[in-house]
>>> print(open('start.pdb').read())   # PDB, C-alpha atoms
ATOM      1  CA  MET A   1     122.052 115.328 124.682  1.00  0.00           C
ATOM      2  CA  VAL A   2     121.680 113.002 127.649  1.00  0.00           C
ATOM      3  CA  GLU A   3     121.184 109.323 126.868  1.00  0.00           C
ATOM      4  CA  GLY A   4     118.063 108.796 128.992  1.00  0.00           C
ATOM      5  CA  ALA A   5     116.135 111.810 130.149  1.00  0.00           C
ATOM      6  CA  GLU A   6     116.631 114.636 132.583  1.00  0.00           C
ATOM      7  CA  LEU A   7     114.211 116.930 134.353  1.00  0.00           C
ATOM      8  CA  VAL A   8     115.732 120.338 134.978  1.00  0.00           C
ATOM      9  CA  PRO A   9     113.957 123.170 136.830  1.00  0.00           C
ATOM     10  CA  MET A  10     113.858 126.476 134.954  1.00  0.00           C
ATOM     11  CA  LEU A  11     114.284 129.300 137.420  1.00  0.00           C
ATOM     12  CA  GLY A  12     113.819 133.043 137.365  1.00  0.00           C
ATOM     13  CA  MET A  13     111.130 133.087 134.687  1.00  0.00           C
ATOM     14  CA  GLY A  14     108.115 135.392 134.667  1.00  0.00           C
ATOM     15  CA  ILE A  15     104.816 133.514 134.254  1.00  0.00           C
ATOM     16  CA  ALA A  16     101.411 135.050 133.624  1.00  0.00           C
ATOM     17  CA  ALA A  17      97.947 133.741 132.762  1.00  0.00           C
ATOM     18  CA  VAL A  18      96.326 135.787 130.006  1.00  0.00           C
ATOM     19  CA  MET A  19      92.612 135.725 129.134  1.00  0.00           C
ATOM     20  CA  ALA A  20      91.104 137.661 126.248  1.00  0.00           C
ATOM     21  CA  ARG A  21      88.438 140.176 127.194  1.00  0.00           C
ATOM     22  CA  ARG A  22      84.990 139.487 125.766  1.00  0.00           C
ATOM     23  CA  GLY A  23      84.884 140.330 122.079  1.00  0.00           C
ATOM     24  CA  ALA A  24      88.598 141.187 121.970  1.00  0.00           C
ATOM     25  CA  ASP A  25      90.313 141.377 118.598  1.00  0.00           C
ATOM     26  CA  MET A  26      92.689 138.383 118.454  1.00  0.00           C
ATOM     27  CA  THR A  27      94.826 139.934 115.715  1.00  0.00           C
ATOM     28  CA  HIS A  28      95.338 143.006 117.867  1.00  0.00           C
ATOM     29  CA  LEU A  29      96.243 140.870 120.890  1.00  0.00           C
ATOM     30  CA  ALA A  30      98.734 138.886 118.811  1.00  0.00           C
ATOM     31  CA  ALA A  31     100.297 142.118 117.532  1.00  0.00           C
ATOM     32  CA  LEU A  32     100.694 143.406 121.106  1.00  0.00           C
ATOM     33  CA  LEU A  33     102.573 140.203 121.958  1.00  0.00           C
ATOM     34  CA  GLY A  34     104.674 140.408 118.797  1.00  0.00           C
ATOM     35  CA  ILE A  35     103.316 137.289 117.080  1.00  0.00           C
ATOM     36  CA  SER A  36     101.281 136.801 113.902  1.00  0.00           C
ATOM     37  CA  ALA A  37      98.355 134.864 115.449  1.00  0.00           C
ATOM     38  CA  MET A  38      97.351 133.687 118.921  1.00  0.00           C
ATOM     39  CA  PRO A  39      98.280 129.993 119.337  1.00  0.00           C
ATOM     40  CA  VAL A  40      95.546 127.376 119.847  1.00  0.00           C
ATOM     41  CA  ALA A  41      96.894 124.328 121.755  1.00  0.00           C
ATOM     42  CA  ARG A  42     100.345 125.345 120.574  1.00  0.00           C
ATOM     43  CA  ALA A  43     103.384 127.152 121.958  1.00  0.00           C
ATOM     44  CA  LEU A  44     104.953 130.072 120.103  1.00  0.00           C
ATOM     45  CA  LYS A  45     108.075 132.087 120.775  1.00  0.00           C
ATOM     46  CA  ALA A  46     107.855 135.807 120.114  1.00  0.00           C
ATOM     47  CA  GLY A  47     110.789 137.920 118.952  1.00  0.00           C
ATOM     48  CA  SER A  48     111.035 139.312 122.481  1.00  0.00           C
ATOM     49  CA  GLY A  49     111.818 135.804 123.790  1.00  0.00           C
ATOM     50  CA  GLU A  50     108.407 135.493 125.454  1.00  0.00           C
ATOM     51  CA  ILE A  51     106.735 132.113 125.008  1.00  0.00           C
ATOM     52  CA  ILE A  52     102.969 132.134 124.456  1.00  0.00           C
ATOM     53  CA  ILE A  53     101.157 128.836 125.117  1.00  0.00           C
ATOM     54  CA  GLY A  54      97.503 128.177 124.283  1.00  0.00           C
ATOM     55  CA  THR A  55      95.928 126.500 127.348  1.00  0.00           C
ATOM     56  CA  GLY A  56      92.207 126.830 126.577  1.00  0.00           C
ATOM     57  CA  PRO A  57      89.748 128.820 124.467  1.00  0.00           C
ATOM     58  CA  GLU A  58      91.027 132.418 124.541  1.00  0.00           C
ATOM     59  CA  MET A  59      93.394 131.535 127.413  1.00  0.00           C
ATOM     60  CA  TRP A  60      97.172 131.506 127.350  1.00  0.00           C
ATOM     61  CA  LEU A  61     100.177 131.150 129.585  1.00  0.00           C
ATOM     62  CA  VAL A  62     102.910 133.690 128.802  1.00  0.00           C
ATOM     63  CA  ILE A  63     106.443 133.006 129.986  1.00  0.00           C
ATOM     64  CA  SER A  64     109.287 135.475 129.980  1.00  0.00           C
ATOM     65  CA  PRO A  65     112.921 134.486 130.507  1.00  0.00           C
ATOM     66  CA  ASP A  66     114.929 136.886 132.671  1.00  0.00           C
ATOM     67  CA  ALA A  67     111.766 138.671 133.792  1.00  0.00           C
ATOM     68  CA  ALA A  68     112.102 141.853 135.810  1.00  0.00           C
ATOM     69  CA  PRO A  69     110.078 141.931 139.071  1.00  0.00           C
ATOM     70  CA  ASP A  70     107.509 144.235 137.459  1.00  0.00           C
ATOM     71  CA  TRP A  71     107.171 142.189 134.258  1.00  0.00           C
ATOM     72  CA  GLY A  72     103.644 140.984 135.104  1.00  0.00           C
ATOM     73  CA  GLU A  73     102.441 144.523 135.706  1.00  0.00           C
ATOM     74  CA  SER A  74     104.044 145.817 132.522  1.00  0.00           C
ATOM     75  CA  LEU A  75     102.435 142.965 130.545  1.00  0.00           C
ATOM     76  CA  ALA A  76      99.044 143.895 132.028  1.00  0.00           C
ATOM     77  CA  GLU A  77      99.623 147.497 130.941  1.00  0.00           C
ATOM     78  CA  ARG A  78     100.679 146.361 127.477  1.00  0.00           C
ATOM     79  CA  LEU A  79      97.488 144.278 127.047  1.00  0.00           C
ATOM     80  CA  ALA A  80      95.136 146.652 128.885  1.00  0.00           C
ATOM     81  CA  GLY A  81      91.578 146.555 127.512  1.00  0.00           C
ATOM     82  CA  VAL A  82      92.313 143.551 125.282  1.00  0.00           C
ATOM     83  CA  ALA A  83      93.224 140.835 127.795  1.00  0.00           C
ATOM     84  CA  SER A  84      93.323 140.289 131.544  1.00  0.00           C
ATOM     85  CA  VAL A  85      96.697 139.344 133.012  1.00  0.00           C
ATOM     86  CA  SER A  86      97.290 137.464 136.240  1.00  0.00           C
ATOM     87  CA  ASP A  87     100.905 137.139 137.403  1.00  0.00           C
ATOM     88  CA  GLN A  88     101.600 133.465 138.201  1.00  0.00           C
ATOM     89  CA  SER A  89     105.385 133.703 138.585  1.00  0.00           C
ATOM     90  CA  GLY A  90     105.239 132.455 142.180  1.00  0.00           C
ATOM     91  CA  GLY A  91     102.447 129.939 141.552  1.00  0.00           C
ATOM     92  CA  TYR A  92     103.841 127.752 138.809  1.00  0.00           C
ATOM     93  CA  ALA A  93     107.115 125.851 138.621  1.00  0.00           C
ATOM     94  CA  LEU A  94     108.718 125.323 135.214  1.00  0.00           C
ATOM     95  CA  TYR A  95     110.739 122.335 134.079  1.00  0.00           C
ATOM     96  CA  SER A  96     112.658 121.308 131.013  1.00  0.00           C
ATOM     97  CA  LEU A  97     112.384 117.601 130.176  1.00  0.00           C
ATOM     98  CA  ARG A  98     114.933 116.555 127.597  1.00  0.00           C
ATOM     99  CA  GLY A  99     117.047 113.686 126.425  1.00  0.00           C
ATOM    100  CA  ALA A 100     116.907 110.848 123.909  1.00  0.00           C
ATOM    101  CA  LYS A 101     114.169 109.107 125.889  1.00  0.00           C
ATOM    102  CA  ALA A 102     112.204 112.173 126.985  1.00  0.00           C
ATOM    103  CA  ARG A 103     109.192 111.313 124.828  1.00  0.00           C
ATOM    104  CA  GLN A 104     109.175 107.670 125.883  1.00  0.00           C
ATOM    105  CA  LEU A 105     109.299 108.765 129.506  1.00  0.00           C
ATOM    106  CA  LEU A 106     106.431 111.214 129.063  1.00  0.00           C
ATOM    107  CA  GLN A 107     104.344 108.385 127.648  1.00  0.00           C
ATOM    108  CA  LYS A 108     104.548 106.763 131.075  1.00  0.00           C
ATOM    109  CA  GLY A 109     102.955 109.827 132.652  1.00  0.00           C
ATOM    110  CA  ALA A 110     100.632 111.747 130.344  1.00  0.00           C
ATOM    111  CA  PHE A 111      97.447 110.187 128.924  1.00  0.00           C
ATOM    112  CA  ILE A 112      97.689 111.978 125.593  1.00  0.00           C
ATOM    113  CA  ASP A 113      98.840 110.956 122.134  1.00  0.00           C
ATOM    114  CA  LEU A 114     102.560 111.759 122.171  1.00  0.00           C
ATOM    115  CA  HIS A 115     103.429 110.284 118.771  1.00  0.00           C
ATOM    116  CA  PRO A 116     105.572 112.867 116.938  1.00  0.00           C
ATOM    117  CA  ASP A 117     102.850 113.153 114.260  1.00  0.00           C
ATOM    118  CA  ALA A 118     100.273 114.108 116.923  1.00  0.00           C
ATOM    119  CA  PHE A 119     102.501 116.031 119.328  1.00  0.00           C
ATOM    120  CA  GLY A 120     105.500 117.591 117.627  1.00  0.00           C
ATOM    121  CA  ARG A 121     107.452 120.817 117.708  1.00  0.00           C
ATOM    122  CA  GLY A 122     105.371 123.650 119.099  1.00  0.00           C
ATOM    123  CA  SER A 123     102.505 121.399 120.242  1.00  0.00           C
ATOM    124  CA  ALA A 124     100.995 122.184 123.643  1.00  0.00           C
ATOM    125  CA  ALA A 125      98.523 120.388 125.934  1.00  0.00           C
ATOM    126  CA  THR A 126      96.986 120.924 129.339  1.00  0.00           C
ATOM    127  CA  THR A 127      96.724 117.523 130.974  1.00  0.00           C
ATOM    128  CA  VAL A 128      97.715 115.379 133.988  1.00  0.00           C
ATOM    129  CA  ILE A 129     100.945 113.664 135.039  1.00  0.00           C
ATOM    130  CA  ALA A 130     100.956 111.648 138.279  1.00  0.00           C
ATOM    131  CA  HIS A 131      97.608 113.141 139.343  1.00  0.00           C
ATOM    132  CA  ALA A 132      98.924 116.704 139.032  1.00  0.00           C
ATOM    133  CA  GLY A 133      97.726 119.108 136.355  1.00  0.00           C
ATOM    134  CA  VAL A 134     100.468 120.167 133.939  1.00  0.00           C
ATOM    135  CA  ILE A 135     100.785 122.446 130.954  1.00  0.00           C
ATOM    136  CA  LEU A 136     103.114 120.649 128.571  1.00  0.00           C
ATOM    137  CA  TRP A 137     104.668 121.808 125.327  1.00  0.00           C
ATOM    138  CA  GLN A 138     107.389 120.736 122.951  1.00  0.00           C
ATOM    139  CA  THR A 139     109.990 123.339 122.120  1.00  0.00           C
ATOM    140  CA  GLU A 140     111.112 124.208 118.609  1.00  0.00           C
ATOM    141  CA  GLU A 141     114.506 122.597 119.258  1.00  0.00           C
ATOM    142  CA  GLU A 142     115.895 119.718 117.206  1.00  0.00           C
ATOM    143  CA  ALA A 143     115.980 117.051 119.927  1.00  0.00           C
ATOM    144  CA  PRO A 144     112.799 115.937 121.663  1.00  0.00           C
ATOM    145  CA  ALA A 145     112.799 118.652 124.293  1.00  0.00           C
ATOM    146  CA  PHE A 146     109.722 119.409 126.314  1.00  0.00           C
ATOM    147  CA  GLU A 147     108.902 122.063 128.839  1.00  0.00           C
ATOM    148  CA  LEU A 148     106.161 121.943 131.416  1.00  0.00           C
ATOM    149  CA  ALA A 149     104.504 124.123 134.008  1.00  0.00           C
ATOM    150  CA  LEU A 150     102.700 122.873 137.094  1.00  0.00           C
ATOM    151  CA  PHE A 151     101.512 124.344 140.371  1.00  0.00           C
ATOM    152  CA  ARG A 152     104.552 124.803 142.586  1.00  0.00           C
ATOM    153  CA  SER A 153     103.203 122.714 145.469  1.00  0.00           C
ATOM    154  CA  PHE A 154     103.167 119.633 143.174  1.00  0.00           C
ATOM    155  CA  GLN A 155     106.898 119.839 142.419  1.00  0.00           C
ATOM    156  CA  ALA A 156     107.885 117.021 144.788  1.00  0.00           C
ATOM    157  CA  SER A 157     105.164 114.814 143.289  1.00  0.00           C
ATOM    158  CA  LEU A 158     106.386 115.415 139.730  1.00  0.00           C
ATOM    159  CA  GLU A 159     110.033 114.877 140.657  1.00  0.00           C
ATOM    160  CA  HIS A 160     109.113 111.618 142.393  1.00  0.00           C
ATOM    161  CA  TRP A 161     107.195 110.462 139.329  1.00  0.00           C
ATOM    162  CA  PHE A 162     110.206 111.305 137.143  1.00  0.00           C
ATOM    163  CA  THR A 163     112.664 109.380 139.340  1.00  0.00           C
ATOM    164  CA  VAL A 164     110.468 106.285 139.504  1.00  0.00           C
ATOM    165  CA  ALA A 165     109.496 106.337 135.808  1.00  0.00           C
ATOM    166  CA  LEU A 166     113.135 106.770 134.744  1.00  0.00           C
ATOM    167  CA  ALA A 167     114.262 103.895 136.970  1.00  0.00           C
ATOM    168  CA  ALA A 168     111.466 101.659 135.644  1.00  0.00           C
ATOM    169  CA  MET A 169     112.419 102.501 132.073  1.00  0.00           C
ATOM    170  CA  ALA A 170     116.111 101.764 132.744  1.00  0.00           C
ATOM    171  CA  ALA A 171     115.226  98.446 134.406  1.00  0.00           C
ATOM    172  CA  ALA A 172     113.108  97.418 131.398  1.00  0.00           C
ATOM    173  CA  ASP A 173     115.907  98.134 128.880  1.00  0.00           C
TER     174      ASP A 173
ATOM    175  CA  MET B 174      85.634 106.300 127.530  1.00  0.00           C
ATOM    176  CA  ARG B 175      87.255 109.180 125.715  1.00  0.00           C
ATOM    177  CA  ILE B 176      85.641 112.582 125.270  1.00  0.00           C
ATOM    178  CA  PRO B 177      86.509 114.635 122.176  1.00  0.00           C
ATOM    179  CA  CYS B 178      87.154 118.056 123.729  1.00  0.00           C
ATOM    180  CA  PRO B 179      86.723 120.738 121.040  1.00  0.00           C
ATOM    181  CA  TYR B 180      89.864 122.513 122.281  1.00  0.00           C
ATOM    182  CA  CYS B 181      92.155 119.737 123.581  1.00  0.00           C
ATOM    183  CA  GLY B 182      91.182 116.831 121.316  1.00  0.00           C
ATOM    184  CA  PRO B 183      90.266 113.336 122.552  1.00  0.00           C
ATOM    185  CA  ARG B 184      90.934 112.944 126.287  1.00  0.00           C
ATOM    186  CA  ASP B 185      90.332 110.246 128.874  1.00  0.00           C
ATOM    187  CA  THR B 186      87.270 110.724 131.092  1.00  0.00           C
ATOM    188  CA  HIS B 187      89.446 110.974 134.221  1.00  0.00           C
ATOM    189  CA  GLU B 188      90.247 114.547 133.176  1.00  0.00           C
ATOM    190  CA  PHE B 189      86.536 115.463 133.309  1.00  0.00           C
ATOM    191  CA  VAL B 190      83.804 115.934 135.878  1.00  0.00           C
ATOM    192  CA  CYS B 191      80.251 115.005 134.831  1.00  0.00           C
ATOM    193  CA  ARG B 192      77.556 117.427 135.971  1.00  0.00           C
ATOM    194  CA  GLY B 193      74.629 115.500 134.450  1.00  0.00           C
ATOM    195  CA  GLU B 194      71.717 116.429 132.197  1.00  0.00           C
ATOM    196  CA  THR B 195      71.854 119.807 130.523  1.00  0.00           C
ATOM    197  CA  ASP B 196      68.168 120.554 130.283  1.00  0.00           C
ATOM    198  CA  THR B 197      67.333 121.047 133.960  1.00  0.00           C
ATOM    199  CA  ASN B 198      66.406 124.566 134.984  1.00  0.00           C
ATOM    200  CA  ARG B 199      66.655 125.775 138.569  1.00  0.00           C
ATOM    201  CA  PRO B 200      63.057 126.209 139.784  1.00  0.00           C
ATOM    202  CA  ASP B 201      61.826 129.386 141.448  1.00  0.00           C
ATOM    203  CA  ASN B 202      59.658 127.632 144.082  1.00  0.00           C
ATOM    204  CA  ASP B 203      60.464 125.208 146.921  1.00  0.00           C
ATOM    205  CA  GLU B 204      57.928 122.542 145.844  1.00  0.00           C
ATOM    206  CA  ALA B 205      59.711 121.883 142.555  1.00  0.00           C
ATOM    207  CA  PHE B 206      63.164 121.753 144.165  1.00  0.00           C
ATOM    208  CA  TYR B 207      63.029 118.069 145.185  1.00  0.00           C
ATOM    209  CA  ASP B 208      62.363 117.055 141.597  1.00  0.00           C
ATOM    210  CA  TYR B 209      65.090 119.384 140.355  1.00  0.00           C
ATOM    211  CA  VAL B 210      67.697 117.950 142.716  1.00  0.00           C
ATOM    212  CA  TYR B 211      66.813 114.234 142.710  1.00  0.00           C
ATOM    213  CA  LEU B 212      64.655 113.209 139.760  1.00  0.00           C
ATOM    214  CA  ARG B 213      66.272 112.334 136.465  1.00  0.00           C
ATOM    215  CA  ASP B 214      64.697 110.843 133.332  1.00  0.00           C
ATOM    216  CA  ASN B 215      67.604 108.383 132.799  1.00  0.00           C
ATOM    217  CA  PRO B 216      66.555 107.551 129.222  1.00  0.00           C
ATOM    218  CA  ILE B 217      67.929 104.789 126.989  1.00  0.00           C
ATOM    219  CA  GLY B 218      69.705 106.320 124.008  1.00  0.00           C
ATOM    220  CA  SER B 219      70.849 109.842 123.334  1.00  0.00           C
ATOM    221  CA  VAL B 220      71.416 112.141 126.328  1.00  0.00           C
ATOM    222  CA  ARG B 221      72.837 115.661 126.554  1.00  0.00           C
ATOM    223  CA  GLU B 222      75.164 116.218 129.513  1.00  0.00           C
ATOM    224  CA  HIS B 223      77.451 118.865 130.931  1.00  0.00           C
ATOM    225  CA  TRP B 224      81.046 117.782 131.440  1.00  0.00           C
ATOM    226  CA  TYR B 225      83.718 120.031 132.941  1.00  0.00           C
ATOM    227  CA  HIS B 226      87.237 119.617 131.565  1.00  0.00           C
ATOM    228  CA  ALA B 227      88.824 120.200 134.983  1.00  0.00           C
ATOM    229  CA  GLN B 228      92.271 118.819 134.122  1.00  0.00           C
ATOM    230  CA  GLY B 229      92.415 120.322 130.660  1.00  0.00           C
ATOM    231  CA  CYS B 230      91.168 123.560 129.149  1.00  0.00           C
ATOM    232  CA  ARG B 231      88.948 124.217 132.212  1.00  0.00           C
ATOM    233  CA  ASN B 232      85.841 124.741 130.117  1.00  0.00           C
ATOM    234  CA  TRP B 233      82.322 123.313 130.333  1.00  0.00           C
ATOM    235  CA  LEU B 234      81.298 121.066 127.466  1.00  0.00           C
ATOM    236  CA  THR B 235      77.879 120.006 126.232  1.00  0.00           C
ATOM    237  CA  VAL B 236      78.271 116.353 125.291  1.00  0.00           C
ATOM    238  CA  THR B 237      75.704 114.272 123.394  1.00  0.00           C
ATOM    239  CA  ARG B 238      76.216 110.652 124.477  1.00  0.00           C
ATOM    240  CA  ASP B 239      74.380 107.371 123.954  1.00  0.00           C
ATOM    241  CA  SER B 240      73.576 106.005 127.419  1.00  0.00           C
ATOM    242  CA  GLN B 241      73.791 102.392 126.205  1.00  0.00           C
ATOM    243  CA  THR B 242      76.864 102.389 123.980  1.00  0.00           C
ATOM    244  CA  HIS B 243      78.648 105.471 125.409  1.00  0.00           C
ATOM    245  CA  GLU B 244      79.167 106.599 121.841  1.00  0.00           C
ATOM    246  CA  ILE B 245      79.616 110.371 121.749  1.00  0.00           C
ATOM    247  CA  SER B 246      78.032 112.025 118.733  1.00  0.00           C
ATOM    248  CA  GLU B 247      78.883 115.617 119.640  1.00  0.00           C
ATOM    249  CA  ALA B 248      80.957 117.615 122.127  1.00  0.00           C
ATOM    250  CA  VAL B 249      80.916 121.416 121.989  1.00  0.00           C
ATOM    251  CA  LEU B 250      81.872 124.204 124.369  1.00  0.00           C
ATOM    252  CA  ALA B 251      78.833 124.856 126.563  1.00  0.00           C
ATOM    253  CA  LYS B 252      79.205 128.607 126.051  1.00  0.00           C
ATOM    254  CA  ASP B 253      78.890 128.022 122.288  1.00  0.00           C
ATOM    255  CA  ALA B 254      75.956 125.609 122.732  1.00  0.00           C
ATOM    256  CA  ALA B 255      74.139 128.221 124.838  1.00  0.00           C
ATOM    257  CA  ARG B 256      74.419 130.881 122.138  1.00  0.00           C
TER     258      ARG B 256
END
>>> encode(input="start.pdb", output="structure tokens")
Amino acid sequence: MVEGAELVPMLGMGIAAVMARRGADMTHLAALLGISAMPVARALKAGSGEIIIGTGPEMWLVISPDAAPDWGESLAERLAGVASVSDQSGGYALYSLRGAKARQLLQKGAFIDLHPDAFGRGSAATTVIAHAGVILWQTEEEAPAFELALFRSFQASLEHWFTVALAAMAAAD
Amino acid sequence: MRIPCPYCGPRDTHEFVCRGETDTNRPDNDEAFYDYVYLRDNPIGSVREHWYHAQGCRNWLTVTRDSQTHEISEAVLAKDAAR
């Protein structure tokens, strides 16, 4: 684990926004995604490796590592009639934020309660860092490791925030 | 001021957009439109307002707020409040 914190882009992942159709059966939707229940403000990893993140009421972001080019379409087919799927693979950028001081660094950016009791393993939030909207979640890993998604055009803004916040934190130590 | 979003939990107001009073209905005649657009009761005490959680769960909330103390007694999803 790095001593401070590092922000590493995660490339080649399939990303899709999923919204339940009106009156859809949540248990059925969860079964189609291979999980026991749809997460509410939490991130869950299915057996298939797909990560399902609750972003709003009956709204989720689904991420697939090593996604084939037609993954979005196949997900839409899999969930047909139960949920609407919109492929966002080219719209969002994904990052891994990890290291001993990852949480402390995040506290300089996000206006949410990041105490481990309030935001721990599997917690997810849709919020703002450096004026840019982000979807943030903590992975199930041992170390404080976070992942986040934001609109691709805000990448430079986020990376700038990270560089400045890390330097400020190092200078304060 | 923090707004207790029913989905996201307590969040700073900078994540929200305030749309104003909930109980205004779009009129069907031109004469009433001026009042609809410009006139507000602006009462002291409890008010019901629509707030949009733009930088969060992207849902409309119906928030009951005290206009003097800013104390929020209730915040529900507007789609639930309308049911």
>>> resolve_selection(input="start.pdb", expression="the ChimeraX specification (/B :<7) & /A", output="list of chain:residue names")
A:Ala41, A:Thr55, A:Gly56, A:Pro57, A:Ile112, A:Ala125, A:Thr126, A:Thr127, A:Val128, A:Gly133
>>> residues_around(input="start.pdb", residues="Glu3 (chain A)", least_positions_apart="5", cutoff="8 Å", atoms="all atoms listed in the file", output="ChimeraX atom specification")
/A:99-101
>>> resolve_selection(input="start.pdb", expression="the PyMOL selection byres ((chain A and resi 129) around 9)", output="PyMOL selection string")
chain A and resi 106+108-111+127-128+130-134+158+161
>>> residues_around(input="start.pdb", residues="Leu97 (chain A)", least_positions_apart="2", cutoff="8 Å", atoms="all atoms listed in the file", output="list in words")
Ala5, Glu6, Leu7, Val8, Tyr95, Gly99, Ala102, Ala145, Phe146, Glu147 and Leu148 of chain A
>>> write_last_selection(input="start.pdb", atoms="C-alpha atoms", output="PDB file, in the frame of the given file")
ATOM      1  CA  ALA A   5     116.135 111.810 130.149  1.00  0.00           C
ATOM      2  CA  GLU A   6     116.631 114.636 132.583  1.00  0.00           C
ATOM      3  CA  LEU A   7     114.211 116.930 134.353  1.00  0.00           C
ATOM      4  CA  VAL A   8     115.732 120.338 134.978  1.00  0.00           C
ATOM      5  CA  TYR A  95     110.739 122.335 134.079  1.00  0.00           C
ATOM      6  CA  GLY A  99     117.047 113.686 126.425  1.00  0.00           C
ATOM      7  CA  ALA A 102     112.204 112.173 126.985  1.00  0.00           C
ATOM      8  CA  ALA A 145     112.799 118.652 124.293  1.00  0.00           C
ATOM      9  CA  PHE A 146     109.722 119.409 126.314  1.00  0.00           C
ATOM     10  CA  GLU A 147     108.902 122.063 128.839  1.00  0.00           C
ATOM     11  CA  LEU A 148     106.161 121.943 131.416  1.00  0.00           C
TER      12      LEU A 148
END
>>> residues_near_point(input="start.pdb", point="(108.4, 126.5, 133.6)", cutoff="10 Å", atoms="all atoms listed in the file", output="ChimeraX atom specification")
/A:8-15,63-65,89,92-96,135-136,147-152
>>> residues_near_point(input="start.pdb", point="(77.6, 120.6, 124.6)", cutoff="12 Å", atoms="all atoms listed in the file", output="VMD selection string")
chain B and resid 176 to 179 191 to 196 220 to 226 232 to 238 245 to 256
>>> atom_distance(input="start.pdb", atom1="CA of Trp71 (chain A)", atom2="CA of Gly23 (chain A)")
25.5 Å
>>> closest_residue(input="start.pdb", among="A:Leu32, A:Leu166, A:Ala171, A:Leu61", to="Arg103 (chain A)", atoms="only C-alpha atoms")
A:Leu166
>>> resolve_selection(input="start.pdb", expression="the PyMOL selection byres ((chain A and resi 46) around 12)", output="PyMOL selection string")
chain A and resi 30-39+43-45+47-53+62-65
>>> write_last_selection(input="start.pdb", atoms="C-alpha atoms", output="mmCIF file, in the coordinates of the input")
data_model
loop_
_atom_site.group_PDB
_atom_site.id
_atom_site.type_symbol
_atom_site.label_atom_id
_atom_site.label_comp_id
_atom_site.auth_asym_id
_atom_site.auth_seq_id
_atom_site.Cartn_x
_atom_site.Cartn_y
_atom_site.Cartn_z
ATOM 1 C CA ALA A 30 98.734 138.886 118.811
ATOM 2 C CA ALA A 31 100.297 142.118 117.532
ATOM 3 C CA LEU A 32 100.694 143.406 121.106
ATOM 4 C CA LEU A 33 102.573 140.203 121.958
ATOM 5 C CA GLY A 34 104.674 140.408 118.797
ATOM 6 C CA ILE A 35 103.316 137.289 117.080
ATOM 7 C CA SER A 36 101.281 136.801 113.902
ATOM 8 C CA ALA A 37 98.355 134.864 115.449
ATOM 9 C CA MET A 38 97.351 133.687 118.921
ATOM 10 C CA PRO A 39 98.280 129.993 119.337
ATOM 11 C CA ALA A 43 103.384 127.152 121.958
ATOM 12 C CA LEU A 44 104.953 130.072 120.103
ATOM 13 C CA LYS A 45 108.075 132.087 120.775
ATOM 14 C CA GLY A 47 110.789 137.920 118.952
ATOM 15 C CA SER A 48 111.035 139.312 122.481
ATOM 16 C CA GLY A 49 111.818 135.804 123.790
ATOM 17 C CA GLU A 50 108.407 135.493 125.454
ATOM 18 C CA ILE A 51 106.735 132.113 125.008
ATOM 19 C CA ILE A 52 102.969 132.134 124.456
ATOM 20 C CA ILE A 53 101.157 128.836 125.117
ATOM 21 C CA VAL A 62 102.910 133.690 128.802
ATOM 22 C CA ILE A 63 106.443 133.006 129.986
ATOM 23 C CA SER A 64 109.287 135.475 129.980
ATOM 24 C CA PRO A 65 112.921 134.486 130.507
#
